[in-house]
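Containing mmCIF, C-alpha atoms: upload35.cif.
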```cif
data_entry
#
loop_
_atom_site.label_atom_id
_atom_site.label_comp_id
_atom_site.auth_asym_id
_atom_site.auth_seq_id
_atom_site.Cartn_x
_atom_site.Cartn_y
_atom_site.Cartn_z
CA MET A 1379 148.01 157.04 56.78
CA PRO A 1380 150.27 153.99 56.49
CA ALA A 1381 149.88 151.83 53.39
CA SER A 1382 148.90 148.80 55.48
CA ILE A 1383 145.71 150.57 56.66
CA GLY A 1384 144.92 151.45 53.05
CA TYR A 1385 145.27 147.80 52.02
CA ALA A 1386 143.22 146.67 55.02
CA LEU A 1387 140.41 149.07 54.01
CA TRP A 1388 140.63 147.81 50.45
CA ILE A 1389 140.28 144.16 51.51
CA LEU A 1390 137.55 145.05 54.02
CA GLY A 1391 135.58 146.93 51.35
CA ALA A 1392 135.81 143.97 48.94
CA LEU A 1393 134.73 141.51 51.65
CA LEU A 1394 131.81 143.72 52.68
CA GLU A 1395 130.62 143.77 49.07
CA VAL A 1396 130.39 139.98 49.13
CA VAL A 1397 128.68 140.16 52.55
CA VAL A 1398 125.94 142.40 51.06
CA VAL A 1399 125.15 139.83 48.35
CA VAL A 1400 125.21 136.95 50.85
CA CYS A 1401 122.90 138.87 53.23
CA ALA A 1402 120.52 139.73 50.37
CA LEU A 1403 120.42 136.09 49.27
CA LYS A 1404 119.87 134.92 52.84
CA ARG A 1405 116.98 137.34 53.38
CA HIS A 1406 115.47 136.72 49.91
CA SER A 1407 116.08 140.33 48.83
CA PHE A 1408 118.47 139.53 45.97
CA HIS A 1409 115.87 139.69 43.20
CA ARG A 1410 113.98 142.59 44.74
CA TYR A 1411 117.10 144.77 44.58
CA LEU A 1412 118.80 142.94 41.71
CA CYS A 1413 120.74 145.92 40.32
CA LEU A 1414 122.10 146.91 43.74
CA ASN A 1415 123.34 143.37 44.31
CA LEU A 1416 124.79 143.12 40.81
CA TYR A 1417 126.61 146.39 41.45
CA MET A 1418 128.11 144.91 44.63
CA LEU A 1419 129.20 141.77 42.74
CA PHE A 1420 130.67 143.83 39.92
CA SER A 1421 132.44 146.05 42.46
CA PHE A 1422 133.99 142.94 44.03
CA VAL A 1423 135.18 141.71 40.62
CA VAL A 1424 136.70 145.15 39.95
CA SER A 1425 138.52 144.99 43.31
CA VAL A 1426 140.02 141.62 42.32
CA ILE A 1427 141.08 142.97 38.89
CA ARG A 1428 142.60 146.06 40.50
CA TYR A 1429 144.52 143.84 42.91
CA GLU A 1430 145.85 141.76 40.01
CA VAL A 1431 147.05 144.88 38.15
CA PHE A 1432 148.43 146.34 41.38
CA SER A 1433 150.44 143.22 42.26
CA LYS A 1434 151.75 142.92 38.69
CA PHE A 1435 152.65 146.55 37.94
CA GLY A 1436 152.72 148.37 41.28
CA LEU A 1437 150.75 151.22 42.83
CA ARG A 1438 152.43 154.08 40.96
CA SER A 1439 152.40 152.45 37.51
CA HIS A 1440 150.47 153.89 34.58
CA GLU A 1441 148.71 150.53 34.16
CA TYR A 1442 147.29 150.68 37.68
CA LEU A 1443 146.36 154.35 37.33
CA TYR A 1444 144.47 153.67 34.09
CA CYS A 1445 142.85 150.54 35.51
CA TYR A 1446 141.76 152.43 38.65
CA TYR A 1447 140.17 155.44 36.97
CA TYR A 1448 138.57 153.56 34.06
CA SER A 1449 137.06 150.93 36.36
CA ASP A 1450 135.91 153.70 38.69
CA ALA A 1451 134.09 155.44 35.84
CA VAL A 1452 132.40 152.15 34.82
CA LEU A 1453 131.49 151.44 38.46
CA THR A 1454 129.99 154.90 38.85
CA ILE A 1455 127.85 154.35 35.73
CA PHE A 1456 126.75 151.01 37.17
CA LEU A 1457 125.84 152.59 40.51
CA TYR A 1458 123.99 155.32 38.64
CA LEU A 1459 121.92 152.60 36.94
CA ALA A 1460 121.32 150.95 40.33
CA LEU A 1461 120.02 154.28 41.59
CA ILE A 1462 117.61 154.43 38.65
CA THR A 1463 116.17 151.06 39.73
CA LEU A 1464 115.48 152.60 43.16
CA TYR A 1465 113.50 155.26 41.29
CA LEU A 1466 111.52 152.45 39.66
CA HIS A 1467 110.79 151.02 43.12
CA VAL A 1468 109.51 154.36 44.44
CA PHE A 1469 107.49 155.19 41.31
CA ASP A 1470 106.31 151.60 40.98
CA GLU A 1471 102.61 152.37 41.18
CA MET A 1472 102.72 155.39 38.87
CA LYS A 1473 103.66 153.35 35.77
CA VAL A 1474 106.29 155.81 34.56
CA GLU A 1475 109.09 153.27 33.98
CA LYS A 1476 109.61 154.27 30.35
CA TYR A 1477 110.06 157.97 31.17
CA VAL A 1478 112.43 157.29 34.09
CA ARG A 1479 114.64 155.11 31.87
CA LEU A 1480 114.64 157.67 29.05
CA ALA A 1481 115.49 160.52 31.44
CA ALA A 1482 118.31 158.41 32.95
CA ILE A 1483 119.89 157.75 29.53
CA VAL A 1484 119.61 161.41 28.47
CA LEU A 1485 121.18 162.54 31.78
CA LEU A 1486 124.02 160.02 31.50
CA ALA A 1487 124.80 161.09 27.93
CA GLY A 1488 124.56 164.76 28.95
CA THR A 1489 127.00 164.26 31.84
CA ALA A 1490 129.49 162.49 29.55
CA LEU A 1491 129.25 165.29 26.97
CA PHE A 1492 129.62 167.97 29.63
CA SER A 1493 132.72 166.23 31.08
CA TYR A 1494 134.19 165.94 27.59
CA ALA A 1495 133.55 169.65 26.95
CA VAL A 1496 135.29 170.59 30.23
CA VAL A 1497 138.36 168.47 29.43
CA GLN A 1498 138.42 169.72 25.81
CA GLN A 1499 138.95 173.24 27.12
CA SER A 1500 141.96 172.27 29.26
CA SER A 1501 145.50 172.45 27.86
CA GLN A 1502 146.39 168.82 28.60
CA ARG A 1503 143.33 167.14 27.02
CA MET A 1504 144.23 163.79 28.52
CA PHE A 1505 141.79 160.93 28.38
CA THR A 1506 142.47 160.16 32.06
CA SER A 1507 141.37 163.73 32.86
CA PHE A 1508 138.11 163.00 31.07
CA VAL A 1509 137.59 159.83 33.13
CA TYR A 1510 138.33 161.70 36.38
CA GLU A 1511 136.03 164.58 35.39
CA LEU A 1512 133.31 162.12 34.34
CA SER A 1513 133.52 160.30 37.69
CA GLN A 1514 133.30 163.55 39.65
CA ASN A 1515 130.33 164.76 37.59
CA LEU A 1516 128.56 161.40 37.72
CA TYR A 1517 128.92 161.30 41.50
CA PHE A 1518 127.44 164.77 41.63
CA VAL A 1519 124.59 163.87 39.25
CA GLY A 1520 124.04 160.74 41.36
CA LEU A 1521 123.89 162.94 44.44
CA VAL A 1522 121.35 165.29 42.83
CA LEU A 1523 119.25 162.32 41.67
CA THR A 1524 119.35 160.75 45.15
CA TYR A 1525 118.32 164.09 46.60
CA VAL A 1526 115.37 164.26 44.19
CA LEU A 1527 114.50 160.65 45.03
CA TRP A 1528 114.60 161.48 48.76
CA GLY A 1529 112.26 164.40 48.06
CA ALA A 1530 109.93 162.03 46.15
CA ILE A 1531 109.99 159.57 49.07
CA LEU A 1532 108.91 162.33 51.43
CA LYS A 1533 106.30 163.66 49.03
CA LEU A 1534 104.82 160.27 48.10
CA ARG A 1535 104.96 159.14 51.76
CA GLU A 1536 106.97 156.04 50.91
CA THR A 1537 107.09 154.00 54.13
CA ARG A 1538 109.26 150.95 53.33
CA THR A 1539 112.08 151.19 55.91
CA GLN A 1540 114.49 149.05 53.89
CA LEU A 1541 114.06 151.17 50.77
CA VAL A 1542 114.37 154.42 52.77
CA GLN A 1543 117.63 153.26 54.37
CA LEU A 1544 119.05 152.06 51.04
CA VAL A 1545 118.34 155.47 49.49
CA LEU A 1546 119.72 157.45 52.44
CA SER A 1547 122.94 155.44 52.61
CA LEU A 1548 123.35 155.89 48.85
CA GLY A 1549 122.87 159.64 49.38
CA VAL A 1550 125.63 159.68 52.03
CA TYR A 1551 127.90 157.69 49.69
CA PHE A 1552 127.31 159.85 46.59
CA SER A 1553 127.71 163.14 48.48
CA ALA A 1554 130.85 161.93 50.27
CA PHE A 1555 132.44 160.81 47.00
CA ALA A 1556 131.37 163.92 45.07
CA ALA A 1557 132.90 166.09 47.82
CA THR A 1558 136.09 163.99 47.85
CA PHE A 1559 136.51 164.15 44.07
CA ALA A 1560 135.83 167.89 44.06
CA LEU A 1561 138.41 168.35 46.84
CA GLY A 1562 140.88 166.35 44.75
CA ASN A 1563 140.19 168.64 41.80
CA MET A 1564 140.59 171.77 43.95
CA PHE A 1565 143.84 170.59 45.57
CA PRO A 1566 145.54 168.05 43.26
CA ASN A 1567 148.50 167.64 45.64
CA LEU A 1568 146.34 166.77 48.63
CA GLN A 1569 147.39 163.17 49.41
CA SER A 1570 144.80 162.47 52.11
CA VAL A 1571 142.02 162.52 49.49
CA THR A 1572 143.27 159.21 48.05
CA TYR A 1573 142.87 157.56 51.45
CA ILE A 1574 139.37 158.90 52.18
CA ALA A 1575 137.85 157.09 49.17
CA PRO A 1576 138.40 153.50 50.46
CA LEU A 1577 137.00 154.55 53.85
CA PHE A 1578 133.78 155.76 52.24
CA GLY A 1579 133.87 152.70 49.99
CA CYS A 1580 133.36 150.51 53.09
CA MET A 1581 130.41 152.54 54.36
CA LEU A 1582 127.96 151.77 51.56
CA PRO A 1583 128.22 147.95 51.72
CA LEU A 1584 128.10 148.14 55.53
CA ALA A 1585 124.87 150.16 55.47
CA TRP A 1586 123.30 147.97 52.77
CA ALA A 1587 124.26 144.76 54.59
CA TYR A 1588 122.60 146.16 57.71
CA ALA A 1589 119.47 147.10 55.73
CA PHE A 1590 119.21 143.59 54.26
CA VAL A 1591 119.96 141.70 57.47
CA ARG A 1592 118.23 143.71 60.15
CA LEU A 1593 115.24 145.17 58.35
CA SER A 1594 112.32 143.14 57.17
CA PRO A 1595 111.07 144.07 53.66
CA ASP A 1596 107.66 144.67 55.27
CA ALA A 1597 108.96 147.02 58.00
CA ARG A 1598 107.44 150.51 57.77
CA MET A 1599 108.33 153.97 59.06
CA VAL A 1600 107.23 157.57 58.64
CA PRO A 1601 109.96 159.22 56.49
CA ALA A 1602 108.61 162.74 57.17
CA ARG A 1603 110.02 162.40 60.70
CA LEU A 1604 113.51 161.83 59.31
CA ALA A 1605 113.66 165.05 57.29
CA VAL A 1606 116.03 167.67 58.67
CA VAL A 1607 113.48 170.34 57.87
CA PRO A 1608 110.18 169.19 59.47
CA ARG A 1609 107.28 168.62 57.03
CA MET B 982 133.05 174.33 39.29
CA ALA B 983 134.83 171.94 41.68
CA THR B 984 134.39 174.41 44.56
CA LEU B 985 130.65 174.64 43.90
CA ILE B 986 130.37 170.83 43.72
CA PHE B 987 132.35 170.55 46.96
CA PHE B 988 130.13 172.90 48.96
CA LEU B 989 126.86 171.48 47.57
CA SER B 990 128.06 167.92 48.21
CA ALA B 991 129.16 168.75 51.76
CA ALA B 992 125.74 170.28 52.49
CA ALA B 993 123.95 167.24 51.02
CA LEU B 994 126.25 164.89 52.94
CA LEU B 995 125.28 166.59 56.18
CA GLN B 996 121.58 166.35 55.39
CA PHE B 997 121.70 162.70 54.27
CA PHE B 998 123.82 161.77 57.29
CA ILE B 999 121.33 163.36 59.70
CA SER B 1000 118.37 161.66 57.99
CA TYR B 1001 120.18 158.30 57.94
CA CYS B 1002 121.00 158.53 61.67
CA ARG B 1003 117.40 159.48 62.42
CA SER B 1004 116.20 156.46 60.43
CA LEU B 1005 118.45 154.24 62.60
CA ILE B 1006 117.08 155.85 65.76
CA ALA B 1007 113.47 155.63 64.53
CA ALA B 1008 113.77 151.85 64.26
CA SER B 1009 114.68 151.54 67.96
CA ILE B 1010 112.66 154.34 69.52
CA LYS B 1011 109.45 152.25 69.64
CA GLN B 1012 111.19 149.49 71.57
CA PRO B 1013 110.50 149.66 75.32
CA LEU B 1014 113.45 149.36 77.72
CA SER B 1015 113.64 146.40 80.07
CA ALA B 1016 113.22 147.10 83.79
CA GLU B 1017 116.85 146.25 84.52
CA VAL B 1018 118.22 148.66 81.87
CA ARG B 1019 115.92 151.36 83.23
CA ASP B 1020 117.38 150.72 86.71
CA VAL B 1021 121.00 150.61 85.58
CA THR B 1022 120.85 153.67 83.34
CA GLY B 1023 118.36 155.67 85.40
CA ILE B 1024 116.33 156.36 82.23
CA PRO B 1025 112.59 156.19 83.11
CA SER B 1026 110.79 156.33 79.74
CA THR B 1027 112.39 159.21 77.86
CA ALA B 1028 116.14 159.84 77.86
CA ALA B 1029 118.06 163.11 78.05
CA GLY B 1030 121.22 163.96 76.15
CA GLU B 1031 123.20 163.91 79.39
CA ASP B 1032 122.50 160.17 79.74
CA PHE B 1033 124.36 159.33 76.54
CA ALA B 1034 127.91 159.31 77.95
CA ARG B 1035 126.85 157.15 80.90
CA VAL B 1036 125.06 154.61 78.67
CA ILE B 1037 128.10 154.44 76.36
CA GLN B 1038 130.32 153.68 79.40
CA LEU B 1039 127.94 150.85 80.34
CA LEU B 1040 127.97 149.60 76.74
CA ASP B 1041 131.76 149.36 76.88
CA LEU B 1042 131.45 146.95 79.80
CA CYS B 1043 129.34 144.48 77.76
CA PRO B 1044 130.62 142.08 75.08
CA GLU B 1045 130.21 143.69 71.70
CA ARG B 1046 127.69 142.47 69.11
CA PRO B 1047 129.29 142.82 65.65
CA GLU B 1048 126.04 143.98 64.03
CA ASP B 1049 125.75 146.95 66.44
CA ARG B 1050 129.22 148.34 65.81
CA GLY B 1051 128.55 150.35 62.64
CA ARG B 1052 125.24 151.79 63.84
CA LEU B 1053 126.66 152.81 67.19
CA ARG B 1054 129.58 154.59 65.50
CA ALA B 1055 127.19 156.48 63.25
CA ILE B 1056 125.03 157.55 66.21
CA ASN B 1057 128.13 158.50 68.20
CA ALA B 1058 129.23 160.76 65.34
CA TYR B 1059 125.70 162.18 65.12
CA PHE B 1060 125.69 162.90 68.87
CA ARG B 1061 129.02 164.77 68.56
CA LEU B 1062 127.60 166.76 65.67
CA LEU B 1063 124.56 167.66 67.79
CA ASN B 1064 126.84 168.71 70.67
CA PHE B 1065 128.74 170.93 68.27
CA VAL B 1066 125.53 172.52 66.95
CA SER B 1067 124.25 172.92 70.52
CA SER B 1068 127.35 174.79 71.65
CA THR B 1069 127.68 176.99 68.55
CA LEU B 1070 124.67 177.61 66.28
CA ALA B 1071 122.02 176.93 68.93
CA ARG B 1072 123.35 179.83 71.00
CA ILE B 1073 122.42 182.17 68.16
CA ILE B 1074 119.17 180.40 67.15
CA PRO B 1075 117.32 179.34 70.34
CA ALA B 1076 114.82 177.14 68.44
CA LEU B 1077 117.73 174.89 67.51
CA MET B 1078 118.46 174.24 71.20
CA THR B 1079 115.10 172.47 71.72
CA TRP B 1080 115.68 170.38 68.60
CA THR B 1081 119.24 169.37 69.54
CA ASP B 1082 118.13 168.52 73.10
CA MET B 1083 115.39 166.27 71.76
CA GLU B 1084 117.74 164.60 69.27
CA ARG B 1085 120.45 164.08 71.89
CA GLY B 1086 117.85 162.43 74.12
CA GLN B 1087 116.86 160.09 71.30
CA CYS B 1088 120.53 159.19 70.75
CA ALA B 1089 120.74 158.28 74.46
CA TYR B 1090 117.58 156.16 74.14
CA PHE B 1091 119.06 154.41 71.09
CA ALA B 1092 122.20 153.62 73.12
CA ALA B 1093 120.03 152.28 75.98
CA VAL B 1094 118.15 149.98 73.55
CA THR B 1095 121.53 148.76 72.24
CA LEU B 1096 122.60 148.12 75.86
CA ASP B 1097 119.44 146.11 76.38
CA ARG B 1098 120.27 143.97 73.33
CA ARG B 1099 123.86 143.48 74.47
CA ILE B 1100 122.76 142.33 77.92
CA ALA B 1101 120.34 139.84 76.34
CA PHE B 1102 123.14 138.70 73.99
CA SER B 1103 125.59 138.21 76.92
CA ARG B 1104 122.95 136.30 78.84
CA ASP B 1105 122.35 133.98 75.86
CA MET B 1106 126.08 133.40 75.45
CA LEU B 1107 126.42 132.56 79.16
CA ALA B 1108 123.46 130.18 78.97
CA GLN B 1109 125.03 128.44 75.97
CA GLN B 1110 128.36 128.09 77.79
CA ILE B 1111 126.66 126.59 80.85
CA GLU B 1112 124.79 124.10 78.63
CA THR B 1113 128.01 122.94 76.96
#
```
Take the structure in the file and give it back as structure tokens.
Amino acid sequence: MPASIGYALWILGALLEVVVVVCALKRHSFHRYLCLNLYMLFSFVVSVIRYEVFSKFGLRSHEYLYCYYYSDAVLTIFLYLALITLYLHVFDEMKVEKYVRLAAIVLLAGTALFSYAVVQQSSQRMFTSFVYELSQNLYFVGLVLTYVLWGAILKLRETRTQLVQLVLSLGVYFSAFAATFALGNMFPNLQSVTYIAPLFGCMLPLAWAYAFVRLSPDARMVPARLAVVPR
Amino acid sequence: MATLIFFLSAAALLQFFISYCRSLIAASIKQPLSAEVRDVTGIPSTAAGEDFARVIQLLDLCPERPEDRGRLRAINAYFRLLNFVSSTLARIIPALMTWTDMERGQCAYFAAVTLDRRIAFSRDMLAQQIET
């Protein structure tokens, strides 16, 4: 893929992140999904910082490489926290906020420790390897958590269309990224993997912007009909 | 470890993608088609998978609404996936054939609803141009 398409996807992704926040503000959903919107804002800021580093040091510089992977790890943690707030939305009436938060912190710490243990065993023991491993594992944990959340939505018969679409699009995003990172780990020389990430990066803000603009917060649906395996 | 993560993620991606597409379709399936779209597409009340290509051709003739673009691409990809399943797995598991046929029909209905919206959008644009 030519570099110009990569840059275009990068700019498009950053613009879409702003669009999500604008749409949420316009439809009065900003506070309802505060963490999701903050994640989008933070993601936009990270894109600007990455661009600054990129234009100053170049794409293949160590500075850009460090900036990219560190910011990616921080972004993944942020998205993981945003996912936890979706849990709080779904389990709203059960009053289990404290336990969800505690479980989220334990899982996050466990993932970081596991990633550290994996890198510790390797011969290189580079800190960048740890960040890459942590990102991959966090995407996978995010995927598992989204899967569990989807199961809870089906079980608890959650009917809010906007919430259902936010969760499903997050599931697509997490699974796509976890698969991409795993593919990158399996075949380190595979160049196309680096280009797939920005493409998936555009999909999440696009889906969220659609959910905020087109769906009313009061719109309802029957999620059991959406399950691949009928319930 | 990476191989295991890859296969599990790919399976989850497929499942989430199908559910997401079905949630997009579910939002439009309750919407009735206008009489003129029913005439143009030849879809009476329920659509068949075979109608999809024809409706997409009609959609290409109408001015595009930016907000439809992403959804239509997702449903297009979903329809291709269903075609693939229909011509491979469904031959071995006959129960899958009924499911894919039903899903392909719903994709066609979704496209017809989008066509309806585009026609209304074009009409509004034309009315605005005439006014100015």
Given the PyMOL selection byres ((chain B) within 12 of (chain A)) and the file above, list the residues it selects as a ChimeraX atom specification. /B:982-1011,1047-1052,1054-1055,1077,1080-1081,1084
Which is closer to Val1036 (chain B) than all the others in B:Ala1076, B:Met1106, B:Ala1092, B:Ile1024, using only C-alpha atoms? B:Ala1092
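The smallest atom-to-atom distance between Thr1027 (chain B) and any of B:Arg1099, B:Arg1104, B:Arg1085, B:Arg1061, using all atoms listed in the file, is found for B:Arg1085.
CA of Glu1017 (chain B) lies 11.9 Å from CA of Arg1098 (chain B).
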Find the residues near region 1439-1453 of chain A: any atom within 10 Å, counting all atoms listed in the file, skip ones fewer than 6 places away on the same chain, and give them as a ChimeraX atom specification. /A:1417-1418,1420-1421,1424-1425,1427-1433,1459,1505-1514,1516-1517
If I take CA of Ala1029 (chain B) and CA of Ala1089 (chain B), how far is one from the other in Å, to one decimal? 6.6 Å
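For the residues A:Pro1583, A:Pro1576, A:Gly1529, A:Gly1520, ranking by smallest atom-to-atom distance to Thr1454 (chain A) using only C-alpha atoms places A:Gly1520 first.
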Output, as lines of an AutoDock Vina configuration file, the centre and edge lengths in Å (one decimal) of the axis-aligned box that contains all listed atoms of region 1079-1090 of chain B with 8 Å of margin on each side.
```
center_x = 117.9
center_y = 164.3
center_z = 71.5
size_x = 21.6
size_y = 32.3
size_z = 21.9
```
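What separates CA of Ala1016 (chain B) from CA of Asp1596 (chain A) is a distance of 29.2 Å.
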Every residue with an atom at most 7 Å from (121.7, 157.4, 69.3) (file coordinates; only C-alpha atoms) is what I'm after, so could you write them as a PyMOL selection string? chain B and resi 1006+1056-1057+1060+1087-1092
With the PyMOL selection byres ((chain A and resi 1486) around 10) as the selection, what would be picked from this file? Answer as a VMD selection string, please. chain A and resid 1455 1458 to 1459 1480 to 1485 1487 to 1492 1512 1515 to 1516 1519 to 1520
Expanded to explicit residues, what is the PyMOL selection byres ((chain B and resi 1041) around 12) for this file, as a VMD selection string? chain B and resid 1034 to 1040 1042 to 1046 1050 1053 1092 1095 to 1096 1099 to 1100
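For Phe1408 (chain A), the list of residues within 12 Å, based on all atoms listed in the file and with local chain neighbours fewer than 2 positions off taken out, reads Val1398, Val1399, Val1400, Cys1401, Ala1402, Leu1403, Lys1404, Arg1405, His1406, Arg1410, Tyr1411, Leu1412, Cys1413, Leu1414, Asn1415, Leu1416, Tyr1417, Met1418, Leu1419, Trp1586, Ala1587, Phe1590, Val1591 and Pro1595 of chain A.
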